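Peer 1: Contents are CSV, C-alpha atoms and all ligand atoms; file name upload.csv:
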```csv
chain,number,residue,atom,x,y,z
A,2,MET,CA,142.0,-53.7,123.4
A,3,THR,CA,138.2,-53.9,123.3
A,4,ASN,CA,136.7,-56.4,121.0
A,5,ARG,CA,135.4,-53.9,118.6
A,6,LEU,CA,138.8,-52.2,118.3
A,7,ALA,CA,140.5,-55.5,117.8
A,8,GLU,CA,138.1,-56.4,115.1
A,9,GLY,CA,138.7,-53.0,113.4
A,10,THR,CA,142.5,-53.7,113.5
A,11,ARG,CA,142.0,-57.2,112.1
A,12,ARG,CA,139.8,-55.9,109.3
A,13,LYS,CA,142.3,-53.2,108.4
A,14,SER,CA,145.2,-55.7,108.3
A,15,ARG,CA,143.2,-58.1,106.2
A,16,ILE,CA,142.5,-55.3,103.7
A,17,LYS,CA,146.2,-54.5,103.5
A,18,ARG,CA,147.1,-58.1,103.1
A,19,LEU,CA,144.7,-58.4,100.2
A,20,GLN,CA,146.1,-55.3,98.6
A,21,LYS,CA,149.6,-56.8,98.7
A,22,LEU,CA,148.3,-60.1,97.4
A,23,ARG,CA,146.5,-58.4,94.5
A,24,THR,CA,149.8,-56.7,93.5
A,25,ALA,CA,151.6,-60.0,93.6
A,26,ILE,CA,148.8,-61.7,91.5
A,27,ALA,CA,149.0,-58.9,88.9
A,28,GLU,CA,152.9,-59.1,88.8
A,29,LYS,CA,152.6,-62.8,88.0
A,30,GLY,CA,150.2,-62.0,85.2
A,31,LEU,CA,147.3,-64.0,86.8
A,32,ASP,CA,143.7,-63.1,86.8
A,33,ALA,CA,143.0,-64.8,90.1
A,34,LEU,CA,144.6,-67.1,92.6
A,35,LEU,CA,143.0,-70.1,94.2
A,36,ILE,CA,144.1,-70.7,97.8
A,37,SER,CA,143.6,-73.8,99.9
A,38,GLN,CA,146.5,-74.0,102.3
A,39,PRO,CA,144.8,-73.6,105.7
A,40,GLU,CA,147.3,-71.1,107.2
A,41,ASN,CA,147.2,-69.0,104.0
A,42,LEU,CA,143.4,-69.1,104.1
A,43,ARG,CA,143.4,-68.0,107.8
A,44,TYR,CA,146.0,-65.3,107.1
A,45,LEU,CA,144.0,-63.7,104.3
A,46,SER,CA,140.4,-64.2,105.4
A,47,GLY,CA,140.4,-65.0,109.1
A,48,PHE,CA,138.7,-68.3,108.4
A,49,THR,CA,140.0,-71.0,110.7
A,50,GLY,CA,138.1,-74.0,109.3
A,51,SER,CA,140.1,-77.0,108.2
A,52,SER,CA,138.9,-76.9,104.6
A,53,GLY,CA,137.8,-74.3,102.2
A,54,TRP,CA,138.9,-72.4,99.1
A,55,LEU,CA,139.7,-68.7,98.6
A,56,LEU,CA,139.6,-67.1,95.2
A,57,ILE,CA,141.2,-63.7,95.0
A,58,SER,CA,141.2,-61.5,91.9
A,59,GLU,CA,141.5,-57.8,91.4
A,60,GLN,CA,137.8,-57.3,92.1
A,61,SER,CA,136.7,-60.3,94.1
A,62,ALA,CA,137.4,-62.1,97.3
A,63,ILE,CA,135.4,-65.3,97.5
A,64,LEU,CA,135.4,-67.8,100.3
A,65,ALA,CA,134.0,-71.1,99.1
A,66,ILE,CA,133.2,-73.6,101.9
A,67,ASP,CA,130.8,-76.5,102.4
A,68,PHE,CA,127.7,-76.7,104.6
A,69,ARG,CA,129.7,-77.4,107.8
A,70,TYR,CA,131.5,-74.1,107.7
A,71,VAL,CA,128.8,-71.6,106.5
A,72,GLU,CA,128.0,-70.0,109.9
A,73,GLN,CA,131.7,-70.0,111.0
A,74,ALA,CA,132.8,-68.3,107.8
A,75,LYS,CA,130.1,-65.6,108.1
A,76,GLY,CA,131.4,-64.8,111.6
A,77,GLU,CA,135.1,-65.0,110.9
A,78,SER,CA,135.4,-63.5,107.4
A,79,PRO,CA,133.3,-60.4,107.1
A,80,GLY,CA,133.8,-58.6,103.8
A,81,PHE,CA,134.3,-61.9,101.9
A,82,GLU,CA,131.7,-63.2,99.5
A,83,ILE,CA,130.8,-66.5,101.0
A,84,THR,CA,129.8,-69.3,98.6
A,85,GLN,CA,128.5,-72.6,99.8
A,86,THR,CA,129.9,-75.5,97.6
A,87,LYS,CA,127.9,-78.7,97.3
A,88,GLN,CA,130.4,-80.8,95.4
A,89,GLN,CA,134.1,-81.2,94.5
A,90,LEU,CA,136.3,-78.3,93.3
A,91,ARG,CA,136.1,-79.6,89.7
A,92,ASP,CA,132.3,-79.5,89.8
A,93,TRP,CA,131.9,-75.8,90.7
A,94,LEU,CA,135.2,-74.1,89.8
A,95,PRO,CA,135.0,-74.1,86.0
A,96,GLY,CA,131.5,-72.5,86.0
A,97,LEU,CA,132.5,-69.9,88.5
A,98,VAL,CA,135.7,-69.0,86.7
A,99,SER,CA,133.9,-68.6,83.3
A,100,ASP,CA,131.2,-66.4,85.0
A,101,PHE,CA,134.0,-64.0,86.1
A,102,GLY,CA,135.8,-64.2,82.8
A,103,TRP,CA,139.2,-65.3,84.3
A,104,TYR,CA,141.7,-66.9,81.9
A,105,LYS,CA,144.7,-67.4,84.0
A,106,LEU,CA,144.2,-69.0,87.4
A,107,GLY,CA,147.1,-69.5,89.8
A,108,LEU,CA,147.1,-72.6,92.0
A,109,GLU,CA,149.1,-73.4,95.0
A,110,ALA,CA,151.3,-76.1,93.5
A,111,ASN,CA,152.4,-77.3,97.0
A,112,PHE,CA,148.9,-77.9,98.2
A,113,ILE,CA,146.8,-79.1,95.4
A,114,SER,CA,147.2,-82.9,94.8
A,115,TYR,CA,148.2,-84.3,91.5
A,116,GLU,CA,144.8,-86.1,91.5
A,117,GLY,CA,143.0,-82.8,92.2
A,118,TYR,CA,144.9,-81.0,89.5
A,119,HIS,CA,144.3,-83.8,87.0
A,120,ARG,CA,140.6,-83.9,87.6
A,121,LEU,CA,140.2,-80.1,87.5
A,122,SER,CA,142.0,-80.0,84.2
A,123,GLU,CA,139.7,-82.7,82.8
A,124,ALA,CA,136.6,-80.8,84.0
A,125,ILE,CA,137.9,-77.6,82.4
A,126,LYS,CA,138.3,-79.5,79.1
A,127,THR,CA,134.9,-81.3,79.3
A,128,LYS,CA,133.1,-78.0,80.1
A,129,GLN,CA,135.1,-76.2,77.4
A,130,VAL,CA,136.1,-73.4,79.7
A,131,ASN,CA,138.9,-71.2,78.4
A,132,LEU,CA,141.1,-71.4,81.4
A,133,GLU,CA,144.8,-71.9,82.0
A,134,LEU,CA,145.9,-73.4,85.4
A,135,VAL,CA,149.2,-71.8,86.5
A,136,PRO,CA,151.1,-73.5,89.3
A,137,THR,CA,152.5,-71.0,91.8
A,138,THR,CA,154.5,-71.4,95.0
A,139,GLY,CA,155.1,-69.1,97.9
A,140,ILE,CA,153.0,-66.1,97.0
A,141,VAL,CA,151.1,-65.9,100.3
A,142,GLU,CA,153.9,-67.5,102.2
A,143,GLN,CA,156.1,-64.6,101.2
A,144,LEU,CA,153.6,-62.1,102.6
A,145,ARG,CA,153.2,-64.1,105.7
A,146,SER,CA,157.0,-64.2,106.3
A,147,ILE,CA,157.0,-60.5,107.3
A,148,LYS,CA,155.1,-60.0,110.5
A,149,GLU,CA,152.9,-57.1,111.3
A,150,PRO,CA,153.1,-55.6,114.8
A,151,GLY,CA,149.9,-57.4,115.9
A,152,GLU,CA,151.3,-60.8,114.7
A,153,LEU,CA,154.6,-60.1,116.5
A,154,GLY,CA,152.5,-59.4,119.6
A,155,PHE,CA,150.9,-62.9,119.5
A,156,ILE,CA,154.2,-64.6,118.7
A,157,THR,CA,155.8,-62.8,121.6
A,158,LYS,CA,153.1,-64.0,123.9
A,159,ALA,CA,153.5,-67.6,122.7
A,160,ILE,CA,157.3,-67.3,123.4
A,161,GLU,CA,156.7,-65.8,126.9
A,162,LEU,CA,154.3,-68.7,127.6
A,163,THR,CA,156.9,-71.2,126.5
A,164,ASP,CA,159.7,-69.6,128.6
A,165,ALA,CA,157.4,-69.7,131.7
A,166,ALA,CA,156.4,-73.3,130.9
A,167,PHE,CA,160.1,-74.4,130.5
A,168,GLU,CA,160.9,-73.0,134.0
A,169,GLN,CA,158.2,-75.3,135.4
A,170,ALA,CA,159.3,-78.2,133.2
A,171,ARG,CA,162.9,-78.1,134.4
A,172,ALA,CA,161.6,-79.1,137.9
A,173,ILE,CA,160.0,-82.3,136.5
A,174,ILE,CA,162.9,-83.5,134.4
A,175,ARG,CA,164.4,-85.8,137.0
A,176,PRO,CA,166.0,-89.3,137.0
A,177,GLY,CA,163.2,-91.9,137.1
A,178,ILE,CA,160.6,-90.1,134.9
A,179,THR,CA,160.1,-91.6,131.4
A,180,GLU,CA,160.4,-89.4,128.3
A,181,LYS,CA,156.7,-89.9,127.6
A,182,GLU,CA,155.7,-88.9,131.1
A,183,ALA,CA,157.9,-85.8,130.9
A,184,ALA,CA,156.4,-84.8,127.5
A,185,TRP,CA,152.9,-85.2,128.9
A,186,GLU,CA,153.7,-83.1,132.0
A,187,ILE,CA,155.1,-80.4,129.7
A,188,GLU,CA,152.0,-80.5,127.5
A,189,LYS,CA,149.8,-80.1,130.6
A,190,ILE,CA,151.9,-77.1,131.8
A,191,LEU,CA,151.7,-75.5,128.3
A,192,ARG,CA,147.9,-75.9,128.2
A,193,GLN,CA,147.5,-74.7,131.8
A,194,GLU,CA,149.5,-71.6,130.9
A,195,GLY,CA,147.0,-70.9,128.1
A,196,SER,CA,148.4,-72.5,124.9
A,197,GLU,CA,145.8,-73.3,122.3
A,198,GLY,CA,146.6,-77.0,122.1
A,199,ILE,CA,150.2,-77.6,121.2
A,200,PRO,CA,151.6,-76.7,117.8
A,201,PHE,CA,153.7,-79.9,117.4
A,202,GLU,CA,154.5,-83.0,119.4
A,203,ILE,CA,156.8,-82.2,122.3
A,204,ILE,CA,160.2,-83.8,122.1
A,205,VAL,CA,161.9,-85.2,125.2
A,206,ALA,CA,164.9,-87.2,124.2
A,207,SER,CA,167.4,-88.5,126.7
A,208,GLY,CA,170.7,-90.2,126.5
A,209,SER,CA,171.5,-91.6,123.0
A,210,ASN,CA,167.9,-90.6,121.9
A,211,ALA,CA,169.1,-87.0,122.0
A,212,ALA,CA,171.2,-87.8,119.0
A,213,LEU,CA,168.0,-88.0,116.9
A,214,PRO,CA,167.0,-84.4,115.9
A,215,HIS,CA,163.3,-85.3,115.7
A,216,ALA,CA,163.1,-88.1,118.3
A,217,ARG,CA,159.7,-89.1,119.7
A,218,PRO,CA,159.3,-89.5,123.4
A,219,THR,CA,159.7,-93.2,124.4
A,220,GLU,CA,159.1,-95.3,127.5
A,221,LYS,CA,162.8,-94.9,128.3
A,222,THR,CA,163.5,-93.7,131.8
A,223,ILE,CA,165.6,-90.6,132.1
A,224,CYS,CA,168.8,-91.4,134.0
A,225,SER,CA,171.4,-89.4,135.8
A,226,GLY,CA,174.5,-88.7,133.7
A,227,GLU,CA,172.4,-88.1,130.5
A,228,PRO,CA,171.6,-85.2,128.2
A,229,VAL,CA,167.9,-84.4,127.8
A,230,LEU,CA,166.8,-82.6,124.7
A,231,ILE,CA,163.5,-80.8,125.0
A,232,ASP,CA,161.7,-79.2,122.0
A,233,MET,CA,158.4,-77.6,122.7
A,234,GLY,CA,156.1,-74.7,121.6
A,235,ALA,CA,152.9,-72.9,122.3
A,236,ARG,CA,150.2,-71.3,120.3
A,237,ILE,CA,148.4,-68.0,121.0
A,238,ASN,CA,145.7,-66.7,118.7
A,239,GLY,CA,146.9,-69.1,116.0
A,240,TYR,CA,150.6,-68.0,116.3
A,241,CYS,CA,153.3,-70.4,117.3
A,242,SER,CA,156.5,-70.5,119.2
A,243,ASP,CA,159.3,-73.0,118.8
A,244,PHE,CA,161.9,-73.6,121.5
A,245,SER,CA,164.6,-76.1,122.4
A,246,ARG,CA,167.0,-76.6,125.3
A,247,THR,CA,169.3,-79.3,126.3
A,248,LEU,CA,169.7,-80.2,129.9
A,249,PHE,CA,172.2,-82.5,131.6
A,250,LEU,CA,171.3,-84.6,134.6
A,251,GLY,CA,174.2,-85.0,136.9
A,252,LYS,CA,177.8,-84.1,136.0
A,253,ALA,CA,178.3,-83.5,132.3
A,254,ASP,CA,181.2,-85.2,130.7
A,255,LYS,CA,183.9,-83.5,128.7
A,256,THR,CA,182.4,-84.3,125.3
A,257,PHE,CA,179.0,-83.0,126.3
A,258,ARG,CA,180.4,-79.8,127.7
A,259,GLU,CA,182.5,-79.3,124.6
A,260,ILE,CA,179.6,-79.8,122.1
A,261,TYR,CA,177.3,-77.7,124.3
A,262,SER,CA,179.7,-74.7,124.2
A,263,ILE,CA,180.2,-75.1,120.4
A,264,VAL,CA,176.5,-75.1,119.7
A,265,LEU,CA,176.1,-72.1,122.0
A,266,LYS,CA,178.9,-70.3,120.2
A,267,ALA,CA,177.5,-71.2,116.8
A,268,GLN,CA,174.1,-69.7,117.9
A,269,ALA,CA,175.6,-66.6,119.4
A,270,THR,CA,177.7,-66.0,116.2
A,271,ALA,CA,174.7,-66.3,114.0
A,272,ILE,CA,172.6,-64.0,116.2
A,273,GLU,CA,175.3,-61.4,116.2
A,274,ARG,CA,176.2,-61.4,112.5
A,275,ILE,CA,172.8,-61.8,110.9
A,276,GLU,CA,171.6,-58.7,109.0
A,277,SER,CA,168.6,-57.7,107.0
A,278,GLY,CA,169.2,-57.9,103.3
A,279,MET,CA,171.5,-60.9,103.6
A,280,ASP,CA,170.8,-64.3,102.0
A,281,ALA,CA,169.3,-66.8,104.5
A,282,SER,CA,172.0,-69.3,103.4
A,283,GLN,CA,174.6,-66.9,104.7
A,284,ALA,CA,173.0,-66.9,108.1
A,285,ASP,CA,173.3,-70.7,108.2
A,286,ARG,CA,177.0,-70.3,107.1
A,287,PHE,CA,177.8,-68.2,110.2
A,288,ALA,CA,176.7,-70.9,112.6
A,289,ARG,CA,177.9,-73.8,110.4
A,290,SER,CA,181.4,-72.6,110.1
A,291,VAL,CA,181.8,-72.5,113.9
A,292,VAL,CA,180.6,-76.1,114.1
A,293,GLU,CA,182.8,-77.1,111.2
A,294,GLN,CA,185.9,-75.4,112.6
A,295,ALA,CA,185.4,-77.3,115.8
A,296,GLY,CA,185.4,-80.6,113.8
A,297,TYR,CA,181.7,-81.4,114.1
A,298,GLY,CA,180.4,-80.3,110.7
A,299,ASP,CA,179.0,-83.7,109.8
A,300,ALA,CA,177.1,-83.8,113.1
A,301,PHE,CA,175.0,-80.6,112.3
A,302,GLY,CA,172.7,-82.3,109.8
A,303,HIS,CA,169.9,-79.8,109.5
A,304,GLY,CA,169.4,-76.1,108.6
A,305,LEU,CA,170.0,-73.3,111.1
A,306,GLY,CA,166.4,-72.3,111.4
A,307,HIS,CA,163.0,-71.5,109.9
A,308,GLY,CA,160.3,-68.9,110.0
A,309,VAL,CA,157.6,-69.2,112.6
A,310,GLY,CA,154.1,-67.7,112.5
A,311,LEU,CA,150.7,-69.3,111.9
A,312,ALA,CA,152.7,-72.4,111.1
A,313,VAL,CA,155.6,-73.7,113.1
A,314,HIS,CA,157.7,-74.1,110.0
A,315,GLU,CA,157.2,-71.4,107.4
A,316,SER,CA,159.2,-68.9,105.3
A,317,PRO,CA,162.1,-68.1,105.4
A,318,SER,CA,164.2,-71.2,105.5
A,319,LEU,CA,167.7,-70.7,106.9
A,320,GLY,CA,169.6,-73.6,105.5
A,321,PRO,CA,172.7,-74.1,103.2
A,322,SER,CA,170.6,-74.4,100.1
A,323,SER,CA,168.0,-71.7,100.9
A,324,THR,CA,167.2,-69.1,98.2
A,325,ASP,CA,165.4,-66.8,100.7
A,326,SER,CA,166.7,-63.5,101.8
A,327,LEU,CA,166.2,-61.9,105.1
A,328,THR,CA,164.1,-58.8,105.6
A,329,ASP,CA,163.1,-56.7,108.6
A,330,GLY,CA,159.9,-58.0,110.2
A,331,MET,CA,160.8,-61.7,109.7
A,332,VAL,CA,160.6,-64.0,112.7
A,333,PHE,CA,162.6,-67.2,112.7
A,334,THR,CA,164.4,-69.7,114.8
A,335,ILE,CA,168.1,-70.0,115.3
A,336,GLU,CA,168.8,-73.6,116.3
A,337,PRO,CA,172.1,-75.1,115.6
A,338,GLY,CA,172.7,-78.6,116.9
A,339,ILE,CA,175.3,-81.3,117.2
A,340,TYR,CA,174.2,-85.0,117.2
A,341,LEU,CA,176.5,-87.8,118.0
A,342,ALA,CA,175.0,-91.2,117.1
A,343,GLY,CA,174.9,-93.5,120.1
A,344,GLN,CA,175.9,-90.8,122.5
A,345,GLY,CA,173.4,-88.0,122.5
A,346,GLY,CA,173.1,-84.5,121.2
A,347,VAL,CA,172.6,-80.8,121.9
A,348,ARG,CA,170.3,-78.3,120.3
A,349,ILE,CA,169.7,-74.8,121.5
A,350,GLU,CA,166.8,-73.0,119.8
A,351,ASP,CA,165.8,-69.4,120.2
A,352,MET,CA,163.4,-67.2,118.2
A,353,VAL,CA,164.4,-63.8,116.9
A,354,VAL,CA,162.8,-61.0,115.0
A,355,LEU,CA,164.7,-58.9,112.4
A,356,LYS,CA,164.4,-55.4,113.5
A,357,ASN,CA,166.4,-52.3,112.3
A,358,GLY,CA,168.6,-54.7,110.4
A,359,LYS,CA,169.6,-56.9,113.3
A,360,ALA,CA,168.3,-60.1,115.0
A,361,LYS,CA,166.6,-59.3,118.2
A,362,VAL,CA,166.3,-62.4,120.5
A,363,LEU,CA,162.7,-62.9,121.7
A,364,THR,CA,163.3,-66.1,123.7
A,365,LYS,CA,164.3,-65.3,127.3
A,366,ALA,CA,164.8,-68.8,128.9
A,367,LYS,CA,168.3,-69.4,130.2
A,368,LYS,CA,170.8,-71.3,128.1
A,369,ASP,CA,174.0,-71.4,129.9
A,370,LEU,CA,175.0,-75.1,130.5
A,371,LEU,CA,171.7,-76.3,131.9
A,372,LEU,CA,172.1,-78.9,134.7
B,401,ZN,ZN,162.4,-75.4,115.1
```
What's the structure tokens form of this structure?

Peer 2:
Amino acid sequence: MTNRLAEGTRRKSRIKRLQKLRTAIAEKGLDALLISQPENLRYLSGFTGSSGWLLISEQSAILAIDFRYVEQAKGESPGFEITQTKQQLRDWLPGLVSDFGWYKLGLEANFISYEGYHRLSEAIKTKQVNLELVPTTGIVEQLRSIKEPGELGFITKAIELTDAAFEQARAIIRPGITEKEAAWEIEKILRQEGSEGIPFEIIVASGSNAALPHARPTEKTICSGEPVLIDMGARINGYCSDFSRTLFLGKADKTFREIYSIVLKAQATAIERIESGMDASQADRFARSVVEQAGYGDAFGHGLGHGVGLAVHESPSLGPSSTDSLTDGMVFTIEPGIYLAGQGGVRIEDMVVLKNGKAKVLTKAKKDLLL
């Protein structure tokens, strides 16, 4: 696509996103919504700076940023009214809100600090502005959870990049290399292949370290006769991929082969049985019951998966206590695991998109017992 065409598509999708957001704002009985979560900001306005505020009402779309970001915002967020802020939120927001005549302002409860909220409330009182602050959660996240074709394109590219990088990475995971060295080699490969930085710290966990679901690479040397759990991802145009595989160096023992095949079966079962319209907790149940029936229920101590998009972890959440439901267009991971303290662990993570009611696997890297 030429740049101008791409820009046109971006603009159109931003207009659509704003329309959907405005509907949600009206449904909640709000006059406007204040957005500060960086991925939400980027999703709605295209602005990629690390700090800024977006105010969306039926009529207005205001991007408030400080001096550092003025030029960037003009370039990235055409169509938005750009306001340069000189002080703290509490100094400028009450005045702006009363100019617009808004009474009910939604805040992102998960992103505004208690301190920020408290000071803003004080400023509203002091300035005698008639304004109610309404905590909200998940409004923009809900929109973000359903991917547009363009977004799916970027995610697919990030996944393809990860698959290709993993093929190269397998060659460097050999006895004698430390976990840290291996993680650094993988990071280099990802960046050489074109990833925009790395969306999260790469995990290379060998031997008993593989029993820690979120292990950090250590100075430990990877040895023959050990499992090696690798968790890595790439980022393309802001969109992430998330991927895990477990390798075994040398001949895998019986326990490892057993837990590997249980995890694989749990994953395959979930992929096959997940359907649009179902509760996300049910998706988790499909995989969890396979692990439980095999006697390893206690060793699968995290949720089945999570949405992936501009953030590595976003809506929906696929866990036992999730209240999300699954809809066509959602992109998420399916990553059951079994972790045996002191021995090691297995996690196999693929990304899928819900399409025509079913889960379509996007990750292509091999996952038969990896040696
Ligand atoms: Zn993940």

Peer 1: Show me, as a list in words, the residues that have an atom within 12 Å of Glu123 (chain A) when counting only C-alpha atoms, minus same-chain residues fewer than 4 positions from it.

Peer 2: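 Selected residues are Leu90, Arg91, Asp92, Leu94, Pro95, Glu116, Gly117, Tyr118, His119, Thr127, Lys128, Gln129, Val130, Leu132, Glu133 and Leu134 of chain A.
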
Peer 1: With C-alpha atoms retained, export the selected residues as a short mmCIF file (atom, residue, chain, number, x, y, z; two decimals), in the frame of the given file.

Peer 2:
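part-v1.cif was written with the following content:
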```
data_model
loop_
_atom_site.label_atom_id
_atom_site.label_comp_id
_atom_site.auth_asym_id
_atom_site.auth_seq_id
_atom_site.Cartn_x
_atom_site.Cartn_y
_atom_site.Cartn_z
CA LEU A 90 136.30 -78.30 93.30
CA ARG A 91 136.10 -79.60 89.70
CA ASP A 92 132.30 -79.50 89.80
CA LEU A 94 135.20 -74.10 89.80
CA PRO A 95 135.00 -74.10 86.00
CA GLU A 116 144.80 -86.10 91.50
CA GLY A 117 143.00 -82.80 92.20
CA TYR A 118 144.90 -81.00 89.50
CA HIS A 119 144.30 -83.80 87.00
CA THR A 127 134.90 -81.30 79.30
CA LYS A 128 133.10 -78.00 80.10
CA GLN A 129 135.10 -76.20 77.40
CA VAL A 130 136.10 -73.40 79.70
CA LEU A 132 141.10 -71.40 81.40
CA GLU A 133 144.80 -71.90 82.00
CA LEU A 134 145.90 -73.40 85.40
#
```

Peer 1: So, counting only C-alpha atoms, which residue among A:Ser122, A:Gln73, A:Ser323, A:Thr334 is closest to Leu108 (chain A)?

Peer 2: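 Between A:Ser122, A:Gln73, A:Ser323, A:Thr334, the residue approaching Leu108 (chain A) most closely is A:Ser122.
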
Peer 1: Could you tell me how far CA of Gln268 (chain A) sits from CA of Tyr297 (chain A), in Å to one decimal place?

Peer 2: 14.5 Å

Peer 1: Just how far from CA of Tyr44 (chain A) is CA of Val141 (chain A), in Å to one decimal?

Peer 2: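 Separation of CA of Val141 (chain A) and CA of Tyr44 (chain A): 8.5 Å.
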
Peer 1: Chain A near ligand ZN 401 (chain B) within 12 Å: what's each residue's closest atom pair and its distance in Å to one decimal, counting all atoms listed in the file, ordered by chain then ascending residue number, as a Markdown table?

Peer 2:
```
| residue | atom | partner | partner_atom | distance |
| --- | --- | --- | --- | --- |
| A:Pro200 | CA | B:ZN401 | ZN | 11.2 |
| A:Phe201 | CA | B:ZN401 | ZN | 10.1 |
| A:Glu202 | CA | B:ZN401 | ZN | 11.8 |
| A:Ile203 | CA | B:ZN401 | ZN | 11.4 |
| A:Ile204 | CA | B:ZN401 | ZN | 11.2 |
| A:Pro214 | CA | B:ZN401 | ZN | 10.1 |
| A:His215 | CA | B:ZN401 | ZN | 10.0 |
| A:Ile231 | CA | B:ZN401 | ZN | 11.3 |
| A:Asp232 | CA | B:ZN401 | ZN | 7.9 |
| A:Met233 | CA | B:ZN401 | ZN | 8.9 |
| A:Gly234 | CA | B:ZN401 | ZN | 9.1 |
| A:Cys241 | CA | B:ZN401 | ZN | 10.6 |
| A:Ser242 | CA | B:ZN401 | ZN | 8.7 |
| A:Asp243 | CA | B:ZN401 | ZN | 5.4 |
| A:Phe244 | CA | B:ZN401 | ZN | 6.7 |
| A:Ser245 | CA | B:ZN401 | ZN | 7.7 |
| A:Arg246 | CA | B:ZN401 | ZN | 11.3 |
| A:His303 | CA | B:ZN401 | ZN | 10.3 |
| A:Gly304 | CA | B:ZN401 | ZN | 9.6 |
| A:Leu305 | CA | B:ZN401 | ZN | 8.8 |
| A:Gly306 | CA | B:ZN401 | ZN | 6.3 |
| A:His307 | CA | B:ZN401 | ZN | 6.5 |
| A:Gly308 | CA | B:ZN401 | ZN | 8.5 |
| A:Val309 | CA | B:ZN401 | ZN | 8.2 |
| A:Gly310 | CA | B:ZN401 | ZN | 11.6 |
| A:Ala312 | CA | B:ZN401 | ZN | 10.9 |
| A:Val313 | CA | B:ZN401 | ZN | 7.3 |
| A:His314 | CA | B:ZN401 | ZN | 7.1 |
| A:Glu315 | CA | B:ZN401 | ZN | 10.1 |
| A:Ser318 | CA | B:ZN401 | ZN | 10.6 |
| A:Leu319 | CA | B:ZN401 | ZN | 10.8 |
| A:Val332 | CA | B:ZN401 | ZN | 11.8 |
| A:Phe333 | CA | B:ZN401 | ZN | 8.5 |
| A:Thr334 | CA | B:ZN401 | ZN | 6.0 |
| A:Ile335 | CA | B:ZN401 | ZN | 7.9 |
| A:Glu336 | CA | B:ZN401 | ZN | 6.8 |
| A:Pro337 | CA | B:ZN401 | ZN | 9.7 |
| A:Gly338 | CA | B:ZN401 | ZN | 10.9 |
| A:Arg348 | CA | B:ZN401 | ZN | 9.9 |
| A:Ile349 | CA | B:ZN401 | ZN | 9.7 |
| A:Glu350 | CA | B:ZN401 | ZN | 6.9 |
| A:Asp351 | CA | B:ZN401 | ZN | 8.6 |
| A:Met352 | CA | B:ZN401 | ZN | 8.8 |
| A:Val353 | CA | B:ZN401 | ZN | 11.9 |
```

Peer 1: Quick one, how far is CA of Lys359 (chain A) from CA of Ser316 (chain A)?

Peer 2: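 Calculated distance between CA of Lys359 (chain A) and CA of Ser316 (chain A) is 17.8 Å.
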
Peer 1: Looking at A:Val347, A:Ala235, A:Ala62, A:Ala366, which one is nearest to Leu213 (chain A), with distances taken over only C-alpha atoms?

Peer 2: A:Val347

Peer 1: Determine, for each residue of region 79-146 of chain A having at least one atom at most 12 Å from an atom of region 23-29 of chain A, the closest pair of atoms and their separation in Å to one decimal, counting all atoms listed in the file; order by chain and ascending number, as a Markdown table.

Peer 2:
```
| residue | atom | partner | partner_atom | distance |
| --- | --- | --- | --- | --- |
| A:Lys105 | CA | A:Lys29 | CA | 10.0 |
| A:Leu106 | CA | A:Ile26 | CA | 9.6 |
| A:Gly107 | CA | A:Ile26 | CA | 8.2 |
| A:Leu108 | CA | A:Ile26 | CA | 11.0 |
| A:Val135 | CA | A:Lys29 | CA | 9.7 |
| A:Pro136 | CA | A:Lys29 | CA | 10.9 |
| A:Thr137 | CA | A:Lys29 | CA | 9.0 |
| A:Thr138 | CA | A:Lys29 | CA | 11.3 |
| A:Gly139 | CA | A:Ala25 | CA | 10.7 |
| A:Ile140 | CA | A:Ala25 | CA | 7.1 |
| A:Val141 | CA | A:Ala25 | CA | 8.9 |
| A:Glu142 | CA | A:Ala25 | CA | 11.6 |
| A:Gln143 | CA | A:Ala25 | CA | 10.0 |
| A:Leu144 | CA | A:Ala25 | CA | 9.5 |
```

Peer 1: Quick one: residues within 7 Å of region 49-58 of chain A, only C-alpha atoms counted, chain neighbours fewer than 6 positions away excluded, as JSON, numbers by chain?

Peer 2: {"A": [23, 32, 33, 34, 35, 36, 37, 39, 42, 43, 64, 65, 66, 70]}

Peer 1: Give as number ranges by chain each residue that has an atom at most 9 Å from (149.5, -66.9, 128.0) in the file, counting all atoms listed in the file.

Peer 2: A: 158-159, 161-163, 191, 193-196, 235-237

Peer 1: Give me a file of those residues, with C-alpha atoms, as a compact mmCIF listing (two decimals), keeping the file's coordinate frame.

Peer 2:
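So out.txt came out as:
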```txt
# COMPACT_ATOMS: atom_id res chain seq x y z
CA LYS A 158 153.10 -64.00 123.90
CA ALA A 159 153.50 -67.60 122.70
CA GLU A 161 156.70 -65.80 126.90
CA LEU A 162 154.30 -68.70 127.60
CA THR A 163 156.90 -71.20 126.50
CA LEU A 191 151.70 -75.50 128.30
CA GLN A 193 147.50 -74.70 131.80
CA GLU A 194 149.50 -71.60 130.90
CA GLY A 195 147.00 -70.90 128.10
CA SER A 196 148.40 -72.50 124.90
CA ALA A 235 152.90 -72.90 122.30
CA ARG A 236 150.20 -71.30 120.30
CA ILE A 237 148.40 -68.00 121.00
```
